[in-house]
file work.cif (mmCIF, C-alpha atoms)
data_work
loop_
_atom_site.group_PDB
_atom_site.id
_atom_site.type_symbol
_atom_site.label_atom_id
_atom_site.label_comp_id
_atom_site.auth_asym_id
_atom_site.auth_seq_id
_atom_site.Cartn_x
_atom_site.Cartn_y
_atom_site.Cartn_z
ATOM 1 C CA MET A 1 -13.460 -9.315 6.878
ATOM 2 C CA SER A 2 -9.758 -8.539 7.106
ATOM 3 C CA LEU A 3 -8.209 -6.481 9.876
ATOM 4 C CA TYR A 4 -7.599 -3.751 7.296
ATOM 5 C CA ASP A 5 -11.296 -3.712 6.398
ATOM 6 C CA LEU A 6 -12.152 -3.536 10.082
ATOM 7 C CA ASP A 7 -9.645 -0.722 10.673
ATOM 8 C CA LYS A 8 -11.043 1.216 7.708
ATOM 9 C CA THR A 9 -14.582 0.859 9.061
ATOM 10 C CA ILE A 10 -13.474 1.929 12.536
ATOM 11 C CA GLN A 11 -11.623 4.958 11.160
ATOM 12 C CA SER A 12 -14.731 5.932 9.167
ATOM 13 C CA ARG A 13 -16.800 6.054 12.358
ATOM 14 C CA LYS A 14 -14.716 8.844 13.907
ATOM 15 C CA GLY A 15 -16.967 11.857 14.211
ATOM 16 C CA ALA A 16 -20.067 9.883 13.223
ATOM 17 C CA ASP A 17 -23.334 10.227 15.112
ATOM 18 C CA PRO A 18 -23.048 8.156 18.313
ATOM 19 C CA GLU A 19 -26.646 7.047 17.848
ATOM 20 C CA SER A 20 -25.794 5.524 14.462
ATOM 21 C CA SER A 21 -22.950 3.198 15.428
ATOM 22 C CA TRP A 22 -21.489 1.386 18.425
ATOM 23 C CA THR A 23 -18.011 2.442 17.315
ATOM 24 C CA ALA A 24 -19.051 6.100 17.113
ATOM 25 C CA LYS A 25 -20.604 5.763 20.567
ATOM 26 C CA LEU A 26 -17.306 4.445 21.958
ATOM 27 C CA PHE A 27 -15.379 7.300 20.340
ATOM 28 C CA SER A 28 -17.826 9.829 21.809
ATOM 29 C CA LYS A 29 -17.001 8.549 25.311
ATOM 30 C CA GLY A 30 -13.308 9.267 24.845
ATOM 31 C CA PRO A 31 -10.055 7.331 24.630
ATOM 32 C CA GLU A 32 -10.201 6.281 28.269
ATOM 33 C CA LYS A 33 -13.521 4.461 27.767
ATOM 34 C CA CYS A 34 -12.174 2.849 24.598
ATOM 35 C CA ALA A 35 -9.175 1.593 26.602
ATOM 36 C CA GLU A 36 -11.446 0.323 29.367
ATOM 37 C CA LYS A 37 -13.542 -1.657 26.863
ATOM 38 C CA PHE A 38 -10.411 -3.180 25.328
ATOM 39 C CA GLY A 39 -9.252 -4.224 28.798
ATOM 40 C CA GLU A 40 -12.582 -5.872 29.539
ATOM 41 C CA GLU A 41 -12.521 -7.819 26.275
ATOM 42 C CA ALA A 42 -8.883 -8.845 26.743
ATOM 43 C CA VAL A 43 -9.676 -10.233 30.206
ATOM 44 C CA GLU A 44 -12.642 -12.148 28.778
ATOM 45 C CA ALA A 45 -10.368 -13.631 26.092
ATOM 46 C CA ILE A 46 -7.852 -14.663 28.758
ATOM 47 C CA ILE A 47 -10.587 -16.356 30.765
ATOM 48 C CA GLU A 48 -11.761 -18.365 27.756
ATOM 49 C CA ALA A 49 -8.174 -19.307 26.872
ATOM 50 C CA VAL A 50 -7.618 -20.623 30.398
ATOM 51 C CA LYS A 51 -10.940 -22.478 30.385
ATOM 52 C CA GLY A 52 -10.097 -24.030 27.017
ATOM 53 C CA ASP A 53 -13.388 -23.152 25.312
ATOM 54 C CA ARG A 54 -12.235 -22.750 21.717
ATOM 55 C CA GLU A 55 -15.457 -21.285 20.319
ATOM 56 C CA LYS A 56 -15.815 -18.730 23.097
ATOM 57 C CA LEU A 57 -12.127 -17.842 22.760
ATOM 58 C CA ILE A 58 -12.621 -17.161 19.054
ATOM 59 C CA GLY A 59 -15.478 -14.782 19.839
ATOM 60 C CA GLU A 60 -13.603 -13.018 22.620
ATOM 61 C CA ALA A 61 -10.459 -12.768 20.479
ATOM 62 C CA ALA A 62 -12.523 -11.105 17.740
ATOM 63 C CA ASP A 63 -14.001 -8.702 20.306
ATOM 64 C CA SER A 64 -10.500 -7.973 21.630
ATOM 65 C CA LEU A 65 -9.091 -7.221 18.174
ATOM 66 C CA TYR A 66 -12.001 -4.886 17.421
ATOM 67 C CA HIS A 67 -11.665 -3.048 20.731
ATOM 68 C CA LEU A 68 -7.848 -2.870 20.378
ATOM 69 C CA LEU A 69 -8.258 -1.125 17.031
ATOM 70 C CA VAL A 70 -10.906 1.227 18.453
ATOM 71 C CA MET A 71 -8.646 2.103 21.394
ATOM 72 C CA CYS A 72 -5.732 2.780 19.070
ATOM 73 C CA ALA A 73 -7.887 4.808 16.668
ATOM 74 C CA ALA A 74 -9.060 6.935 19.586
ATOM 75 C CA ARG A 75 -5.403 7.961 19.943
ATOM 76 C CA ASP A 76 -4.854 8.302 16.164
ATOM 77 C CA VAL A 77 -2.904 5.055 15.832
ATOM 78 C CA THR A 78 -3.768 3.005 12.747
ATOM 79 C CA LEU A 79 -3.280 -0.623 11.881
ATOM 80 C CA SER A 80 -0.622 0.547 9.404
ATOM 81 C CA ASP A 81 1.253 2.212 12.277
ATOM 82 C CA ILE A 82 1.158 -1.035 14.235
ATOM 83 C CA GLU A 83 2.232 -3.063 11.218
ATOM 84 C CA ALA A 84 5.197 -0.722 10.637
ATOM 85 C CA GLU A 85 6.314 -1.305 14.225
ATOM 86 C CA LEU A 86 6.006 -5.064 13.768
ATOM 87 C CA ASP A 87 8.023 -4.837 10.548
ATOM 88 C CA LYS A 88 10.835 -3.086 12.446
ATOM 89 C CA ARG A 89 10.890 -5.912 14.945
ATOM 90 C CA THR A 90 11.241 -8.695 12.385
ATOM 91 C CA SER A 91 14.845 -7.711 11.687
ATOM 92 C CA GLN A 92 15.971 -9.164 15.022
ATOM 93 C CA SER A 93 15.069 -12.021 17.276
ATOM 94 C CA GLY A 94 12.310 -11.528 19.818
ATOM 95 C CA ILE A 95 14.783 -12.106 22.624
ATOM 96 C CA ALA A 96 17.142 -9.410 21.326
ATOM 97 C CA GLU A 97 14.260 -7.000 20.725
ATOM 98 C CA LYS A 98 12.918 -7.480 24.238
ATOM 99 C CA ALA A 99 16.391 -6.997 25.740
ATOM 100 C CA SER A 100 16.753 -3.693 23.891
ATOM 101 C CA ARG A 101 13.733 -2.153 25.638
#
call {"tool": "encode", "arguments": {"input": "work.cif", "output": "structure tokens"}}
result
Amino acid sequence: MSLYDLDKTIQSRKGADPESSWTAKLFSKGPEKCAEKFGEEAVEAIIEAVKGDREKLIGEAADSLYHLLVMCAARDVTLSDIEAELDKRTSQSGIAEKASR
């Protein structure tokens, strides 16, 4: 599954019955809960990266990407929006971009 497929699935769950889908259940709890879940998954990915467990890191990274997209979707930000921002940043070095913030 590509990130675009995942984003499309996530977007399709907005307004769905919370009893029919985990994603719909997250959306029903509001953007704050979606952000909290992303934070939890990101911390778990960090822990596995530090521990050096490749397989667990892969799983936690997948969870983190999913929850990042859910959090963004809860605030009406799509993967295309994120990609457009990344495209803007490719015109300059990362050091110059960071200095401009």
call {"tool": "atom_distance", "arguments": {"input": "work.cif", "atom1": "CA of Glu83 (chain A)", "atom2": "CA of Lys37 (chain A)"}}
result
22.3 Å
call {"tool": "residues_around", "arguments": {"input": "work.cif", "residues": "region 44-50 of chain A", "least_positions_apart": "3", "cutoff": "10 Å", "atoms": "only C-alpha atoms", "output": "list in words"}}
result
Phe38, Gly39, Glu40, Glu41, Asp53, Arg54, Glu55, Lys56, Leu57, Ile58, Gly59, Glu60, Ala61, Ala62, Asp63 and Ser64 of chain A
call {"tool": "resolve_selection", "arguments": {"input": "work.cif", "expression": "the PyMOL selection byres ((chain A and resi 10) around 9)", "output": "list in words"}}
result
Asp5, Leu6, Asp7, Lys8, Thr9, Gln11, Ser12, Arg13, Lys14, Thr23, Ala24, Tyr66, Leu69, Val70 and Ala73 of chain A
call {"tool": "atom_distance", "arguments": {"input": "work.cif", "atom1": "CA of Asp17 (chain A)", "atom2": "CA of Ile82 (chain A)"}}
result
27.0 Å
call {"tool": "atom_distance", "arguments": {"input": "work.cif", "atom1": "CA of Leu65 (chain A)", "atom2": "CA of Gln92 (chain A)"}}
result
25.3 Å
call {"tool": "closest_residue", "arguments": {"input": "work.cif", "among": "A:His67, A:Arg89, A:Lys25, A:Arg75", "to": "Leu3 (chain A)", "atoms": "all atoms listed in the file"}}
result
A:His67
call {"tool": "closest_residue", "arguments": {"input": "work.cif", "among": "A:Ser21, A:Met71, A:Ser80, A:Ala96", "to": "Cys34 (chain A)", "atoms": "only C-alpha atoms"}}
result
A:Met71
call {"tool": "closest_residue", "arguments": {"input": "work.cif", "among": "A:Leu68, A:Ala74, A:Ala35, A:Leu79", "to": "Ser2 (chain A)", "atoms": "only C-alpha atoms"}}
result
A:Leu79
call {"tool": "closest_residue", "arguments": {"input": "work.cif", "among": "A:Ser28, A:Thr78, A:Ser91, A:Ser100", "to": "Ala16 (chain A)", "atoms": "all atoms listed in the file"}}
result
A:Ser28
call {"tool": "build_atoms", "arguments": {"input": "work.cif", "residues": "region 50-63 of chain A", "atoms": "N, CA and C atoms", "output": "JSON list (two decimals), in the frame of the given file"}}
result
[["chain", "number", "residue", "atom", "x", "y", "z"],
["A", 50, "VAL", "N", -7.93, -19.78, 29.24],
["A", 50, "VAL", "CA", -7.62, -20.62, 30.40],
["A", 50, "VAL", "C", -8.63, -21.76, 30.53],
["A", 51, "LYS", "N", -9.89, -21.46, 30.28],
["A", 51, "LYS", "CA", -10.94, -22.48, 30.38],
["A", 51, "LYS", "C", -10.84, -23.50, 29.26],
["A", 52, "GLY", "N", -10.25, -23.11, 28.13],
["A", 52, "GLY", "CA", -10.10, -24.03, 27.02],
["A", 52, "GLY", "C", -11.31, -24.12, 26.10],
["A", 53, "ASP", "N", -12.21, -23.15, 26.19],
["A", 53, "ASP", "CA", -13.39, -23.15, 25.31],
["A", 53, "ASP", "C", -13.03, -22.46, 24.00],
["A", 54, "ARG", "N", -12.72, -23.26, 23.00],
["A", 54, "ARG", "CA", -12.24, -22.75, 21.72],
["A", 54, "ARG", "C", -13.20, -21.78, 21.07],
["A", 55, "GLU", "N", -14.47, -22.14, 20.99],
["A", 55, "GLU", "CA", -15.46, -21.28, 20.32],
["A", 55, "GLU", "C", -15.63, -19.94, 21.02],
["A", 56, "LYS", "N", -15.68, -19.99, 22.35],
["A", 56, "LYS", "CA", -15.82, -18.73, 23.10],
["A", 56, "LYS", "C", -14.54, -17.90, 22.97],
["A", 57, "LEU", "N", -13.39, -18.57, 22.94],
["A", 57, "LEU", "CA", -12.13, -17.84, 22.76],
["A", 57, "LEU", "C", -12.10, -17.13, 21.41],
["A", 58, "ILE", "N", -12.57, -17.79, 20.38],
["A", 58, "ILE", "CA", -12.62, -17.16, 19.05],
["A", 58, "ILE", "C", -13.46, -15.88, 19.11],
["A", 59, "GLY", "N", -14.61, -15.96, 19.73],
["A", 59, "GLY", "CA", -15.48, -14.78, 19.84],
["A", 59, "GLY", "C", -14.85, -13.67, 20.65],
["A", 60, "GLU", "N", -14.24, -14.03, 21.77],
["A", 60, "GLU", "CA", -13.60, -13.02, 22.62],
["A", 60, "GLU", "C", -12.36, -12.44, 21.96],
["A", 61, "ALA", "N", -11.63, -13.27, 21.21],
["A", 61, "ALA", "CA", -10.46, -12.77, 20.48],
["A", 61, "ALA", "C", -10.90, -11.76, 19.42],
["A", 62, "ALA", "N", -12.00, -12.05, 18.73],
["A", 62, "ALA", "CA", -12.52, -11.10, 17.74],
["A", 62, "ALA", "C", -12.93, -9.80, 18.41],
["A", 63, "ASP", "N", -13.62, -9.90, 19.55],
["A", 63, "ASP", "CA", -14.00, -8.70, 20.31],
["A", 63, "ASP", "C", -12.76, -7.92, 20.73]]
